[in-house]
Structure formats: structure tokens, C-alpha cells
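Enquirer: This is the structure, below, for whatever I ask next.
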Amino acid sequence: MNQLVIVPAYNEAEVIRKVLTGLKSQLRKLGEFEIVVVDDGSTDETYQEAKKANVTILRHPINRGLGGALGTGLYYAKQKRAKLVVTFDADGQHDPKDIAKVISPILKREADVVIGSRMMKGAKKIPWDRRVIIWGSNLVTRLLFGVSTTDSQSGFRAFSRKAIQNIRIKTQEMEVSSEIFSEVRRLDLRVAEAPISVIYTPYSRKKGQSNLNAAAVLARLLLRLAR
């Protein structure tokens, strides 16, 4: 099986099984996919709940952060010689029905990386504080990497085999979303965007990147670039 959906998860026991069930139901319509949960050192019942869904689970003994989890998932995909990878958040924010739109440019060989953009379906549906973070992050991504995008921090993405085999993830935390664009520029990868829905709940708001953390993420990214 060489099509994967990677689901980074940290302390998502409350929702992970429901998310995986929805994913499996939708993926049956799209072909054969392996769902890979990267349990990033969870201290709750995330592993046990994911196991009930009968998916592949990779476990970190300690919490490494989103970048560490994505790095592990992409390394696994590289070893499997995957031709297509989708990254999908574990907190219930994404709608699995949007996967078909996100993978379409990859399947048509029109792009190497596809960003599922929350902004393309109407920014008014996104809480104002999240919109500020997204707009600011997009500006930083353009200034630092010369790549224009409407949603640089989206966790819903698709990667072609070329991207999977060549992208190197070095950051460990939330700055990985911007690091991906650094790799896009370094490798001269083709980028496309696809409109996705976003499901904001009190739970997903709590689990997402905090407003105060956004500044720390930028500082770590700039420090890495200065090395």
C-alpha cells in the first residue's frame, strides 16, 4: 500500500477514535490508503483509542512536538516508498470529505505539495484571532521563503513521491509548518492550494496553536534560519 494518511497525535484520546473512523469511511471511496497515527508521547489513552481503530501506530517515548511527529511520519512514508501522503490533524478540525480535493493536483501531476487552505472557503468562518495568526504567518512565509500561500499553517496537506523522498524535516515543534515552505523553495517544488472546510469546536480551539505561542514559533524559526 503506497498511499498514506499521517495523523500526528498528542493526548487526543477524547476524539481520536471518532476522527479515525471518519477517515476510514471516506478513504474507502478513494482507493487503498494506510492510516498512520504518530502518537507523540501521549500521556492519556490516545494509543489505546487509536488501536481500536485498527490503524498503523508509531509511538514516540516522549513528546517531541508536531515537527517531530511529522518527521517520523514522513520518514516512515519514505521507507515505504509512498507515492502519496496526506497529513491530517487529530483534533477533529478537518473534514475527511476534503481529501479528494487536496490530493487531486498530486494525482494529476500538477503539484508536488498541496496545501489545504481554510481561507479559500471564506475567512469569516474562522475566529478573528486565528485569522490574524494565519495572515501574519503567511506574510512571514512570503518574506522568508518567497512562497505565497493563503494558509501557511494548515495541517491538511498532500505530498507527491518526489516531495516525500526529498523533504527533510529538522524542526521539532509548530514551526514545521513554515519549514515545509523552506523545503519547497530549496527543492523547487510545485505548490498548489485546495479549499477545505474547518470545524472549530471548543476542543479543537484548545488543542490548536495558542495566540501567545505564535511569537515563540516565529522566534525559533528565525533562530534556525540564522544558524
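Residues in the C-alpha cells are numbered from 1 in each chain, the chains being A, B, ... in the order shown, and ligands are numbered from 1 in the order shown.
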Hey, what does DSSP flag as strand (DSSP E) within stretch 51-162 of chain A? Can you give it to me as a list in words?
Expert: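 Written out, the strand (DSSP E) residues of stretch 51-162 of chain A are Thr56, Ile57, Leu58, Arg59, His60, Leu84, Val85, Val86, Thr87, Val113, Val114, Ile115, Gly116, Ser117, Arg157, Ala158, Phe159 and Ser160 of chain A.
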Enquirer: What does the file look like for those residues with C-alpha atoms, as a tab-separated table (two decimals), in the first residue's frame?
Expert:
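Listed below is the output, out.tsv:
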```
chain	number	residue	atom	x	y	z
A	56	THR	CA	-0.79	1.65	11.99
A	57	ILE	CA	0.60	3.37	15.09
A	58	LEU	CA	4.10	4.76	15.51
A	59	ARG	CA	4.96	5.81	19.06
A	60	HIS	CA	7.42	8.32	20.47
A	84	LEU	CA	1.17	9.98	-1.98
A	85	VAL	CA	0.95	11.24	1.61
A	86	VAL	CA	-1.76	13.29	3.27
A	87	THR	CA	-1.23	14.93	6.66
A	113	VAL	CA	2.82	19.82	-2.43
A	114	VAL	CA	-0.80	20.81	-1.90
A	115	ILE	CA	-1.93	23.00	0.99
A	116	GLY	CA	-5.49	22.58	2.20
A	117	SER	CA	-6.48	26.21	2.76
A	157	ARG	CA	-1.55	18.82	3.16
A	158	ALA	CA	-0.67	16.36	0.41
A	159	PHE	CA	2.78	15.38	-0.84
A	160	SER	CA	3.93	13.65	-4.02
```
Enquirer: I'd like the contact shell of stretch 63-68 of chain A - 6 Å cut-off, only C-alpha atoms, skipping same-chain residues fewer than 5 positions apart - returned as a ChimeraX atom specification.
Expert: /A:40-41,171-174,176
Enquirer: For A:Lys51, which residue among A:Asp39, A:Glu110, A:Asp129, A:Glu32 is the nearest when counting only C-alpha atoms?
Expert: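 The answer is A:Asp39, which sits nearest to A:Lys51.
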Enquirer: So which residues of stretch 84-168 of chain A fall under helix (DSSP H, G or I) by DSSP, listed as a ChimeraX atom specification?
Expert: /A:96-107,119-121,123-125,128-145,161-166
Enquirer: Find the residue from A:Ile6, A:Ala90, A:Ala192, A:Leu20 that sits nearest to A:Ile103; use only C-alpha atoms when measuring.
Expert: A:Ala192
Enquirer: Can you pull out the residues contacting A:Thr141? Cut-off 10 Å, using only C-alpha atoms, and skip same-chain residues under 2 positions away; I want them as a PyMOL selection string.
Expert: chain A and resi 135-139+143-149+151-153+177-182
Enquirer: Print the selection's residues with C-alpha atoms to a file, as a PDB file, in the first residue's frame.
Expert:
```pdb
ATOM      1  CA  TRP A 135      -2.312  36.352   7.874  1.00  0.00           C
ATOM      2  CA  GLY A 136       0.828  37.111   9.876  1.00  0.00           C
ATOM      3  CA  SER A 137       2.275  33.666   9.221  1.00  0.00           C
ATOM      4  CA  ASN A 138       1.553  33.984   5.502  1.00  0.00           C
ATOM      5  CA  LEU A 139       3.427  37.281   5.416  1.00  0.00           C
ATOM      6  CA  LEU A 143       9.199  37.326   3.233  1.00  0.00           C
ATOM      7  CA  LEU A 144      11.450  34.472   4.396  1.00  0.00           C
ATOM      8  CA  PHE A 145      10.890  31.904   1.674  1.00  0.00           C
ATOM      9  CA  GLY A 146       9.397  33.771  -1.286  1.00  0.00           C
ATOM     10  CA  VAL A 147       6.401  31.434  -1.352  1.00  0.00           C
ATOM     11  CA  SER A 148       2.867  32.858  -1.483  1.00  0.00           C
ATOM     12  CA  THR A 149       0.111  30.916   0.274  1.00  0.00           C
ATOM     13  CA  ASP A 151      -2.793  29.285   4.745  1.00  0.00           C
ATOM     14  CA  SER A 152       0.820  28.545   5.633  1.00  0.00           C
ATOM     15  CA  GLN A 153      -0.068  26.979   8.990  1.00  0.00           C
ATOM     16  CA  SER A 177       4.563  24.311   9.039  1.00  0.00           C
ATOM     17  CA  SER A 178       6.814  27.161   7.891  1.00  0.00           C
ATOM     18  CA  GLU A 179       9.837  24.889   7.497  1.00  0.00           C
ATOM     19  CA  ILE A 180       7.925  22.948   4.839  1.00  0.00           C
ATOM     20  CA  PHE A 181       7.918  26.098   2.691  1.00  0.00           C
ATOM     21  CA  SER A 182      11.664  26.432   3.189  1.00  0.00           C
TER      22      SER A 182
END
```
Enquirer: Skip A:Phe88 itself and residues of its chain fewer than 4 positions away, then list as a ChimeraX atom specification all residues within 10 Å of it, counting only C-alpha atoms.
Expert: /A:5-9,19,23,35,37,92-96,99,116,154-158
Enquirer: Write a file of the just-selected residues containing N, CA and C atoms, as a PDB file, in the first residue's frame.
Expert:
```pdb
ATOM      1  N   VAL A   5      -2.087   8.270   4.942  1.00  0.00           N
ATOM      2  CA  VAL A   5      -2.566   9.443   5.662  1.00  0.00           C
ATOM      3  C   VAL A   5      -1.867   9.443   7.014  1.00  0.00           C
ATOM      4  N   ILE A   6      -1.096  10.493   7.284  1.00  0.00           N
ATOM      5  CA  ILE A   6      -0.350  10.600   8.534  1.00  0.00           C
ATOM      6  C   ILE A   6      -1.128  11.496   9.494  1.00  0.00           C
ATOM      7  N   VAL A   7      -1.367  10.986  10.696  1.00  0.00           N
ATOM      8  CA  VAL A   7      -2.145  11.711  11.704  1.00  0.00           C
ATOM      9  C   VAL A   7      -1.282  11.901  12.952  1.00  0.00           C
ATOM     10  N   PRO A   8      -0.627  13.067  13.107  1.00  0.00           N
ATOM     11  CA  PRO A   8       0.125  13.327  14.339  1.00  0.00           C
ATOM     12  C   PRO A   8      -0.852  13.499  15.500  1.00  0.00           C
ATOM     13  N   ALA A   9      -0.545  12.885  16.639  1.00  0.00           N
ATOM     14  CA  ALA A   9      -1.497  12.939  17.755  1.00  0.00           C
ATOM     15  C   ALA A   9      -0.761  13.046  19.083  1.00  0.00           C
ATOM     16  N   VAL A  19     -12.245  10.522  14.871  1.00  0.00           N
ATOM     17  CA  VAL A  19     -11.538  11.066  13.712  1.00  0.00           C
ATOM     18  C   VAL A  19     -11.088   9.943  12.780  1.00  0.00           C
ATOM     19  N   LEU A  23     -12.213   9.055   8.923  1.00  0.00           N
ATOM     20  CA  LEU A  23     -11.199   8.950   7.882  1.00  0.00           C
ATOM     21  C   LEU A  23     -11.344   7.643   7.106  1.00  0.00           C
ATOM     22  N   ILE A  35      -3.567   4.315   7.063  1.00  0.00           N
ATOM     23  CA  ILE A  35      -3.630   5.402   8.044  1.00  0.00           C
ATOM     24  C   ILE A  35      -2.535   5.162   9.078  1.00  0.00           C
ATOM     25  N   VAL A  37      -0.989   6.709  12.499  1.00  0.00           N
ATOM     26  CA  VAL A  37      -1.037   7.626  13.631  1.00  0.00           C
ATOM     27  C   VAL A  37       0.352   7.696  14.258  1.00  0.00           C
ATOM     28  N   GLY A  92     -10.049  16.722  15.102  1.00  0.00           N
ATOM     29  CA  GLY A  92     -11.401  16.838  14.572  1.00  0.00           C
ATOM     30  C   GLY A  92     -11.667  18.103  13.799  1.00  0.00           C
ATOM     31  N   GLN A  93     -10.625  18.903  13.551  1.00  0.00           N
ATOM     32  CA  GLN A  93     -10.815  20.181  12.855  1.00  0.00           C
ATOM     33  C   GLN A  93     -11.020  20.011  11.351  1.00  0.00           C
ATOM     34  N   HIS A  94     -10.523  18.913  10.795  1.00  0.00           N
ATOM     35  CA  HIS A  94     -10.592  18.705   9.352  1.00  0.00           C
ATOM     36  C   HIS A  94     -11.751  17.784   8.966  1.00  0.00           C
ATOM     37  N   ASP A  95     -12.270  18.011   7.758  1.00  0.00           N
ATOM     38  CA  ASP A  95     -13.339  17.176   7.215  1.00  0.00           C
ATOM     39  C   ASP A  95     -12.723  16.199   6.214  1.00  0.00           C
ATOM     40  N   PRO A  96     -12.805  14.890   6.494  1.00  0.00           N
ATOM     41  CA  PRO A  96     -12.190  13.920   5.571  1.00  0.00           C
ATOM     42  C   PRO A  96     -12.768  13.957   4.163  1.00  0.00           C
ATOM     43  N   ILE A  99     -10.454  15.396   1.435  1.00  0.00           N
ATOM     44  CA  ILE A  99      -9.226  14.735   0.993  1.00  0.00           C
ATOM     45  C   ILE A  99      -9.172  14.633  -0.528  1.00  0.00           C
ATOM     46  N   GLY A 116      -4.059  22.436   2.003  1.00  0.00           N
ATOM     47  CA  GLY A 116      -5.495  22.582   2.205  1.00  0.00           C
ATOM     48  C   GLY A 116      -5.759  23.892   2.918  1.00  0.00           C
ATOM     49  N   SER A 154      -1.635  25.562   7.809  1.00  0.00           N
ATOM     50  CA  SER A 154      -2.582  24.453   7.687  1.00  0.00           C
ATOM     51  C   SER A 154      -1.887  23.113   7.925  1.00  0.00           C
ATOM     52  N   GLY A 155      -2.545  22.236   8.687  1.00  0.00           N
ATOM     53  CA  GLY A 155      -2.025  20.893   8.913  1.00  0.00           C
ATOM     54  C   GLY A 155      -2.538  19.881   7.915  1.00  0.00           C
ATOM     55  N   PHE A 156      -3.394  20.319   7.016  1.00  0.00           N
ATOM     56  CA  PHE A 156      -4.005  19.449   5.999  1.00  0.00           C
ATOM     57  C   PHE A 156      -3.243  19.665   4.702  1.00  0.00           C
ATOM     58  N   ARG A 157      -2.416  18.676   4.327  1.00  0.00           N
ATOM     59  CA  ARG A 157      -1.551  18.823   3.159  1.00  0.00           C
ATOM     60  C   ARG A 157      -1.494  17.513   2.386  1.00  0.00           C
ATOM     61  N   ALA A 158      -0.961  17.575   1.176  1.00  0.00           N
ATOM     62  CA  ALA A 158      -0.671  16.359   0.410  1.00  0.00           C
ATOM     63  C   ALA A 158       0.714  16.510  -0.210  1.00  0.00           C
TER      64      ALA A 158
END
```
Enquirer: For A:Glu45, find every residue with an atom within 12 Å (counting only C-alpha atoms), except residues of its own chain fewer than 6 positions away, and show them as number ranges by chain.
Expert: A: 9-17, 39, 51-52
Enquirer: For A:Tyr76, please output as a list of chain:residue names all residues within 10 Å (counting only C-alpha atoms; exclusion window: fewer than 3 positions along the same chain).
Expert: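 Result of the neighbour search: A:Leu4, A:Ile6, A:Val36, A:Leu58, A:Leu70, A:Gly71, A:Thr72, A:Gly73, A:Gln79, A:Lys80, A:Arg81, A:Ala82, A:Ile164.
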Enquirer: Next, write the just-selected residues to a file, as a JSON list (two decimals), in the first residue's frame, keeping C-alpha atoms as the atom set.
Expert:
```
[["chain", "number", "residue", "atom", "x", "y", "z"],
["A", 4, "LEU", "CA", -0.70, 7.10, 3.36],
["A", 6, "ILE", "CA", -0.35, 10.60, 8.53],
["A", 36, "VAL", "CA", -0.57, 6.06, 10.20],
["A", 58, "LEU", "CA", 4.10, 4.76, 15.51],
["A", 70, "LEU", "CA", 5.55, 14.79, 11.06],
["A", 71, "GLY", "CA", 9.21, 13.95, 10.59],
["A", 72, "THR", "CA", 8.60, 10.42, 11.88],
["A", 73, "GLY", "CA", 5.55, 10.02, 9.65],
["A", 79, "GLN", "CA", 10.78, 3.84, 3.74],
["A", 80, "LYS", "CA", 7.51, 2.56, 2.30],
["A", 81, "ARG", "CA", 8.27, 4.38, -0.97],
["A", 82, "ALA", "CA", 4.86, 6.01, -0.76],
["A", 164, "ILE", "CA", 8.25, 12.67, 0.27]]
```
Enquirer: Would you kindly return, as a list in words, each protein, DNA or RNA residue with an atom no farther than 10 Å from any atom of A:Asp188, considering only C-alpha atoms and excluding same-chain residues fewer than 5 positions away?
Expert: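 The residues satisfying every condition are Asp112, Ala163, Ser182 and Glu183 of chain A.
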Enquirer: Pull C-alpha atoms from the residues just selected and write them as a PDB file, in the first residue's frame.
Expert:
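Produced file part27.pdb, reproduced below:
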```
ATOM      1  CA  ASP A 112       4.297  18.241  -5.556  1.00  0.00           C
ATOM      2  CA  ALA A 163       8.355  15.645  -2.125  1.00  0.00           C
ATOM      3  CA  SER A 182      11.664  26.432   3.189  1.00  0.00           C
ATOM      4  CA  GLU A 183      11.975  22.927   1.745  1.00  0.00           C
TER       5      GLU A 183
END
```
